[in-house]
Each structure stands twice: as C-alpha cells, then as structure tokens.
Amino acid sequence: MRHIISVLLENEPGALSRVVGLFSQRNFNIESLTVAPTDDETLSRLTVTTVGDDRVVEQITKQLNKLIDVVKVVDLTEGEHIERELMMIKFKAAGAFRAEVKRTADIFRGQIIDITPNTYTVQLVGSSAKLDAFIDALGTASIMEVVRSGVSGIARGEKVLSL
Amino acid sequence: MELLSGAEMVVRALRDEGVKFIYGYPGGALLHVYDAIFQQDEVEHILVRHEQAATHMADAYARATGKAGVALVTSGPGATNAVTGIATAYMDSIPMVVITGQVMSHLIGEDAFQETDMIGISRPIVKHNFSVRSVEEIPEIIRKAFHIAETGRPGPVVVDIPKDMTNPTDRFPYVFPKQVKLRSYNPVTKGHSGQIKKAFDLLMSAKRPIIYTGGGVIMGDASEELTELARALNYPVTNTLMGLGGYPGTDPLFVGMLGMHGSYEANMVMHHSDLILAIGARFDDRVTNGVDKFCPTAKIVHIDVDPASISKTIRADVPIVGPAKAVLEEMLQLLKASKKTPDQEANKTWWAQINEWRTRHGGHFRTDDSEKMKPQQVIEMLSKVTGGDAYICSDVGQHQMFAAQYYKFNKPNRWINSGGLGTMGFGLPAAMGVKMNFPDADVACVTGEGSIQMNIQELSTCNQYNIPVKIICLNNGSLGMVRQWQDMNYESRHSQSYMESLPDFIKLAEAYGHVGIKVDKYSDLEAAMVKAFAMKDRLVFMDITVDPHEHVYPMQVPRGSMRDMWLSKTERT
C-alpha cells in the first residue's frame with residue numbers, strides 16, 4: 001500500500017542524506033521525496049511517499065525515528081489528510097492539439113504558464129492521481145518535458161506535525 | 001576562562017569524559033591533536049599498528065565496562081581502516097567514539113591529499129556522526145557524542161574534525177557542558193507499565209515458557225535482575241551469542257546458547273515453548289532459522305530499548321519498549337506483590353521434558369581413537385584452567401562457536417566477540433583492549449590460524465605496552481567454518497579454505513618479544529596451559545594443533561525450524 005510519511009528534520013547539513021541513505025540501506029522504496037525549510041528555520045519538513053506492507057512501513061517509521069536528526073515522524077495515510085503535488089508539463093502544441101491542451105487544462109483547473117508559437121507549458125496542482133489522469137487524458141505523444149515536485153501532505157483538522 | 005586550541009579541547013574534553021586510554025594512530029590531519037596529547041599526561045594514548053586494531057581495542061573496552069571506548073585516527077586511509085571496526089561495534093550495539101581527522105575545511109570536496117568523506121562513508125554504520133564546523137563547539141560535540149553512544153541502544157559515533165579546527169594558534173574559551181539536550185533524541189528510561197503487566201500475566205499463565213536474552217541484558221546491565229526473575233519463576237533461560245554470561249552458564253536453569261549452533265536442548269525448548277520472553281535480543285537470522293517456521297506455538301513478549309528491533313523479523317504479541325534493567329525491575333516488583341504463582345504442575349512437566357532433551361546430549365563432540373586433539377577439548381581445558389572466570393575475546397569462525405558452546409560464562413561482560421558483523425581479526429586487539437583496563441584479570445584471545453593473521457601486527461603493540469594476553473590459537477590449518485560449509489554444501493571442494501605456508505607462530509611470537517608454546521598432543525595441553533597462564537607478565541602464544549575435520553554441531557538445517565538440526569555428520573533431528 002502507498003503511504004505518505006511526513007518528517008520534521010533538523011535543518012542541518014547532511015540530515016537529508018541520512019534519510020535518503022536509510023531508505024537505500026534498508027531496501028525501502030522511495031516513490032517521491034520533497035524537502036524544504038519550515039516557518040521555524042531550524043527545521044525542515046520532508047515528505048516521502050513509499051510503498052510497502054504494514055511491517056515494512058512500521059519499520060520505516062521506526063527507523064526514521066531512530067535518526068538523531070529526525071525530530072518527528074507521522075504516517076499521514078493513517079488519518080484524514082490532504083496531498084498535493086505540482087506538475088509543470090510542456091507540450092508540442094500546434095494545430096488542433098493546441099486547443100485540446102487548453103481545454104483539458106481548463107477542465108483539470110490547470111494554468112498555462114508559458115506560451116511559444118509551438119508549445120504550451122501547463123502548471124497543474126493536485127493529487128498524484130489527478131496529475132496522472134491529466135497526462136492520460138492528453139496522451140504522451142506530444143509531451144516534451146514533465147517536472148513533478150513530488151507529494152506534499154498535511155493532516156486535516158486540528159492535527160499538526162510540529163514541535 | 002581558559003583559552004584552548006581546538007586540539008587541546010579535544011584532549012581536555014576526553015579527559016573530562018573520564019577517558020583513560022585512547023587508541024589510535026597519528027597522521028597529517030591530526031598532528032595538532034597529537035601535539036596536544038604529547039603535552040599532557042592525563043589521557044594516555046596507545047599507539048596501535050593498524051587503525052582497525054584501535055577501533056577493536058576501544059570496542060572491547062566498551063564491551064567489558066559498558067562505557068564508550070575512544071579511537072583516534074587520521075583522515076583518508078586512517079579513517080577507512082577504521083571502518084571495519086566501526087561496523088563491528090555498530091552491529092553489536094557497542095558504545096564507541098571514533099575521532100577522525102579531516103583535511104582543512106577549505107579543501108573539503110577538492111580531492112585533497114588523504115581526503116575521504118568520512119561522514120558519508122560512516123553514515124550507515126554509526127548511530128550518529130558529527131562534523132566540526134567551529135572550534136568552540138568541540139567540547140559540546142564530544143559530550144553529545146558520548147551521550148548518544150552510551151544511552152538508549154548504544155552504538156558508535158564518529159566525530160570528524162578538519163585540521164584547521166585544531167590549529168594551535170586559534171584559541172577559544174573552553175566550557176565542558178555537564179549535560180546536553182537533544183530535542184530529537186530522548187531514549188526511553190522505563191517500560192510501559194500496562195504492557196509490563198500484560199507480559200507478567202502471560203508469564204504467570206505460561207506452561208512451557210523460555211526466557212531468551214541477548215546483548216541487551218549485557219550492555220543494559222540487567223544480568224542480576226534476569227537471574228533473580230528466572231530463579232523466582234524456575235523458568236529455563238537461553239542466551240544468544242551476544243548474550244552469553246547474561247545468565248550464569250553453570251546454572252541448572254541455563255539450557256545453553258540457541259540458534260544456528262545453539263544447543264540441542266535450547267533449540268528444542270524454543271520450538272516447543274508456549275511463551276518466549278525475549279529480552280534485549282533481536283531475533284537475528286542466526287537465531288530464528290526459517291522465520292515462517294519459527295516457534296509455531298509460542299506467544300512472544302519482546303523487551304527492547306530500541307522499538308525498531310521489536311516486530312522487525314518476528315511479530316511480538318506484547319511489545320515492551322524500555323531498558324531491560326528497568327523493565328525487569330518492574331516485573332520483579334509485580335512478582336513480589338502478586339499472589340499468583342506459575343503453574344507448578346506444568347513447570348514440573350516442562351522441566352521433565354527439558355531434562356529428557358538434555359540427556360540426549362545432542363551435538364556434543366566425541367573424541368575418537370585418533371591422536372588428533374579436538375578443538376572443543378581445548379576450550380573445555382581453557383574453562384578449567386581459568387576457572388571460568390577469564391575474559392574470553394574471540395575471533396571469528398569455528399573456534400568462536402566452540403568457545404561459545406564450551407566455555408561456561410558465569411558473569412556478564414566476560415565474553416567479547418564480534419557477533420553481528422563476524423569480523424575476523426577482532427580477537428587479538430579486543431583482548432588487548434580488555435587487558436589494558438583489567439591488568440589483573442586473565443584475558444585470553446581464542447583464535448584460529450586464519451583470524452590471528454588478520455591483525456597479527458598488534459603483537460608489536462603488545463610488546464611496546466607490555467600487554468600480557470594469552471593467545472589460544474586453534475590451529476587446524478584451514479578456514480574451519482568455510483571448510484565446514486564446503487563439506488556440507490559443496491561436496492568437500494575446499495576452495496581457498498586452506499592455508500599453505502603458515503608461519504612458525506612460535507618463532508613469530510618470539511620475534512615480537514613474546515613467548516610461544518606449541519601443543520600437539522592432548523596429554524600435554526593442561527600443563528602447557530597452566531604454564532602459560534602462570535606467566536602473568538608475558539604474552540604467550542599457544543599454537544595448538546587440532547583436528548581439521550571437526551565440524552561445529554549442532555547446526556540448524558537452513559530455512560528449517562528451530563528444531564531442525566544436524567547433530568553430527570550423520571545424525572539429524
């Protein structure tokens with residue numbers, strides 16, 4: 001099963017490499033990874049999506065907690081949560097397909113953020129599944145480039161991940 | 001306030017940590033630190049002949065005392081030579097602080113002379129590592145390094161110090177922090193009382209219980225509590241390789257080591273149990289054998305200070321996160337307050353069954369008609385000559401298993417071996433590290449002619465510092481454990497498992513200034529060993545010729561259950 005694990009990490013040099021190293025060292029899988037400092041500049045927040053059975057995911061959270069630079073860990077998929085990913089996608093957009101890109105982007109509530117006579121670059125925000133659906137809708141033939149941020153997630157309601 | 005250079009701070013902070021010996025080897029990146037060492041006499045530096053030995057000496061000190069040992073190695077090859085020793089300590093959860101030199105800060109990343117990324121290299125084999133970025137933080141980093149190494153589940157910590165951080169002309173106020181706080185590191189100090197109660201109830205209602213304990217009881221200083229609990233309940237106890245000595249080896253409740261080369265009775269008891277109380281043990285693959293067939297009728301209570309060890313390979317029914325000592329103390333209190341007692345009838349039946357297994361003597365060695373000495377006989381003799389009270393520092397291979405099986409450890413911290421990593425070359429430096437700190441104790445290195453040659457250069461260090469350990473070399477002229485597997489699984493094709501042109505160990509010992517004794521016949525063994533241990537101030541190298549065809553038994557059948565064992569070359573359970 002797919003899990004979204006959020007980690008509060010000391011904003012120290014090398015801290016990220018400990019997390020990434022742990023995943024490869026223990027043969028855990030990383031589907032996506034995002035990391036950036038938080039409002040508290042001493043902390044970074046890292047979101048990792050991974051796939052594994054309950055035993056593996058339990059090990060992942062426990063092993064992450066053991067890292068000295070890791071302050072807190074939560075598996076967002078254990079509760080109600082919101083996930084978002086940002087994608088920028090550049091199409092060869094000429095002829096009839098140009099209008100098709102625009103229409104589909106509108107339906108998916110994407111924005112066209114760059115235009116040339118032969119290309120469109122679309123920005124789309126949503127769950128990873130929604131981004132996949134957008135690509136499926138337009139087909140891969142005209143795609144020139146895809147950039148995805150990886151998943152960020154946050155718990156719904158009053159629950160927070162903080163010190 | 002006193003102004004010190006970074007180099008002086010390193011040495012002063014070690015002194016303030018109560019460090020007596022540091023084991024190391026100098027080099028360019030550490031010259032300032034070595035100059036600071038030269039100018040004081042509170043911390044003594046022991047010069048090894050290879051950095052790996054420095055880490056093993058520090059490690060063995062920690063295994064014998066519970067306190068972090070310290071190794072000091074230079075950048076580049078000094079640091080990479082220490083990697084095996086760091087990994088050895090990591091796999092066995094041994095507290096150790098390894099200070100590595102580094103090239104000057106402005107050169108880092110430029111492939112400077114003797115530069116390696118030691119933070120990167122050591123990352124998967126340390127509990128934590130630090131890179132020093134300003135001189136003032138040195139005392140605090142060293143305090144943190146010891147704190148992290150020694151608390152919770154112990155482990156090695158690396159402190160990487162660029163040379164410019166130790167510059168003698170840059171001086172700063174020295175403040176040694178008594179305590180350090182790390183907001184992201186708060187190891188548990190006691191177990192969850194509700195869980196302990198649940199475990200206690202299971203213990204009281206068990207009919208076929210077994211107490212299975214590992215290195216966590218040794219490093220967690222919980223041997224007394226364990227002994228009290230087992231005796232109060234009259235329950236059998238088995239120890240892992242790392243846990244030997246955690247429960248007295250000659251006590252009737254002790255059924256021996258368990259696992260791949262565990263005793264017949266220990267593995268049978270485990271397999272047929274209805275309750276396993278696991279304490280500071282991690283259900284390692286050398287213990288469980290096939291996990292899908294592991295102890296089918298047992299409920300499992302697992303006490304460990306590291307939550308990640310619980311339910312990692314075998315699911316625990318009652319997990320208890322906490323230090324062994326604190327949790328066992330709480331269990332003992334429950335026991336004293338409780339009116340319940342274990343089921344006496346069931347206990348009697350269980351012991352009758354266990355004693356029946358015991359009488360089978362499964363896997364015990366047999367002497368045959370040949371003149372050849374059995375390696376097991378040598379260990380039994382060692383146990384006899386030292387009264388079971390020596391520190392036994394083992395290398396890795398058949399001799400290690402024979403020592404684990406046939407030396408009866410009655411006290412914790414006496415059995416010093418590389419269990420998790422299985423590091424050949426560990427034994428001699430380990431024995432040296434122990435002997436330097438316990439000069440009056442008998443310290444033996446049990447080794448083979450393969451392992452001993454992996455750090456034989458340390459005989460020179462022993463000469464320099466007069467470290468009179470006893471080397472018990474079981475010489476079978478081959479890499480015995482490799483050979484055993486080749487016999488069992490490769491139709492005795494002994495690929496690269498024998499050594500031609502072995503040195504004359506007696507002359508070699510003498511060349512390094514020590515005493516060598518060769519023993520070929522069992523009838524000479526006792527007198528020779530007594531003589532060796534009577535030479536209190538000499539290192540004695542006993543080169544003992546043993547039967548090269550001997551295998552270690554019992555041996556679990558791969559991927560089978562705990563009870564599936566070879567008991568001899570021809571006998572299977």
# chains A, B, ... in the order shown; residues from 1 in each chain; ligands from 1
>>> select_by_dssp(residues="stretch 47-149 of chain A", states="strand (DSSP E or B)", output="MDAnalysis selection string")
chainID A and resid 47:51 70:75 81:92 111:116 119:126 143:148
>>> residues_around(residues="B:Asn129", least_positions_apart="5", cutoff="12 Å", atoms="only C-alpha atoms", output="ChimeraX atom specification")
/A:13-15,18,67-69 /B:86,96-100,117-124,141-142,144-146,148-149,155-161
>>> interface_residues(of="chain A", to="chain B", cutoff="8 Å", atoms="only C-alpha atoms", output="list in words")
Arg18, Gly21, Leu22, Gln25, Arg55, Gln59, Lys62, Gln63, Lys66, Leu67, Ile68, Asp69, Val70, Val71 and Lys72 of chain A
>>> write_last_selection(atoms="C-alpha atoms", output="mmCIF file, in the first residue's frame")
data_model
loop_
_atom_site.group_PDB
_atom_site.id
_atom_site.type_symbol
_atom_site.label_atom_id
_atom_site.label_comp_id
_atom_site.auth_asym_id
_atom_site.auth_seq_id
_atom_site.Cartn_x
_atom_site.Cartn_y
_atom_site.Cartn_z
ATOM 1 C CA ARG A 18 20.787 10.356 6.460
ATOM 2 C CA GLY A 21 20.680 6.775 2.912
ATOM 3 C CA LEU A 22 18.413 4.966 5.356
ATOM 4 C CA GLN A 25 20.499 0.953 3.108
ATOM 5 C CA ARG A 55 5.549 -4.474 8.517
ATOM 6 C CA GLN A 59 9.996 -0.372 10.131
ATOM 7 C CA LYS A 62 10.676 3.332 13.474
ATOM 8 C CA GLN A 63 13.996 3.543 11.653
ATOM 9 C CA LYS A 66 15.959 6.493 15.313
ATOM 10 C CA LEU A 67 17.883 9.013 13.249
ATOM 11 C CA ILE A 68 19.234 11.638 15.615
ATOM 12 C CA ASP A 69 18.389 14.457 13.189
ATOM 13 C CA VAL A 70 14.777 13.374 12.910
ATOM 14 C CA VAL A 71 12.541 15.257 15.336
ATOM 15 C CA LYS A 72 9.125 13.807 14.483
#
>>> residues_around(residues="stretch 96-110 of chain A", least_positions_apart="2", cutoff="12 Å", atoms="only C-alpha atoms", output="ChimeraX atom specification")
/A:86-94,112-127,129-139,141-143
>>> atom_distance(atom1="atom CA of B:Val188", atom2="atom CA of B:Ile125")
22.2 Å
>>> select_by_dssp(residues="stretch 252-454 of chain B", states="helix (DSSP H, G or I)", output="PyMOL selection string")
chain B and resi 264-272+285-288+291-293+307-309+324-337+344-359+375-385+398-406+427-437+451-454
>>> residues_around(residues="A:Arg45", least_positions_apart="5", cutoff="8 Å", atoms="only C-alpha atoms", output="list in words")
Ser6, Val7, Leu8, Leu9, Val35, Ala36, Pro37 and Thr38 of chain A
>>> atom_distance(atom1="atom CA of B:Trp350", atom2="atom CA of B:Arg208")
5.9 Å
>>> residues_around(residues="B:Ala326", least_positions_apart="5", cutoff="9 Å", atoms="only C-alpha atoms", output="list in words")
Thr189, Lys190, Gly191, Ala222 and Met331 of chain B
>>> write_last_selection(atoms="N, CA and C atoms", output="mmCIF file, in the first residue's frame")
data_model
loop_
_atom_site.group_PDB
_atom_site.id
_atom_site.type_symbol
_atom_site.label_atom_id
_atom_site.label_comp_id
_atom_site.auth_asym_id
_atom_site.auth_seq_id
_atom_site.Cartn_x
_atom_site.Cartn_y
_atom_site.Cartn_z
ATOM 1 N N THR B 189 13.447 5.536 29.293
ATOM 2 C CA THR B 189 14.145 5.134 30.516
ATOM 3 C C THR B 189 13.357 4.079 31.285
ATOM 4 N N LYS B 190 12.079 3.914 30.946
ATOM 5 C CA LYS B 190 11.321 2.814 31.566
ATOM 6 C C LYS B 190 10.263 2.293 30.610
ATOM 7 N N GLY B 191 9.796 1.097 30.892
ATOM 8 C CA GLY B 191 8.796 0.488 30.013
ATOM 9 C C GLY B 191 7.394 0.935 30.371
ATOM 10 N N ALA B 222 21.621 -5.802 33.116
ATOM 11 C CA ALA B 222 20.390 -6.351 33.696
ATOM 12 C C ALA B 222 20.544 -7.811 34.095
ATOM 13 N N MET B 331 8.977 -5.886 36.657
ATOM 14 C CA MET B 331 8.388 -7.238 36.680
ATOM 15 C C MET B 331 8.619 -7.922 38.020
#
>>> closest_residue(among="B:Pro503, B:Gly362, B:Gly477, B:Pro429", to="B:Pro554", atoms="only C-alpha atoms")
B:Gly362
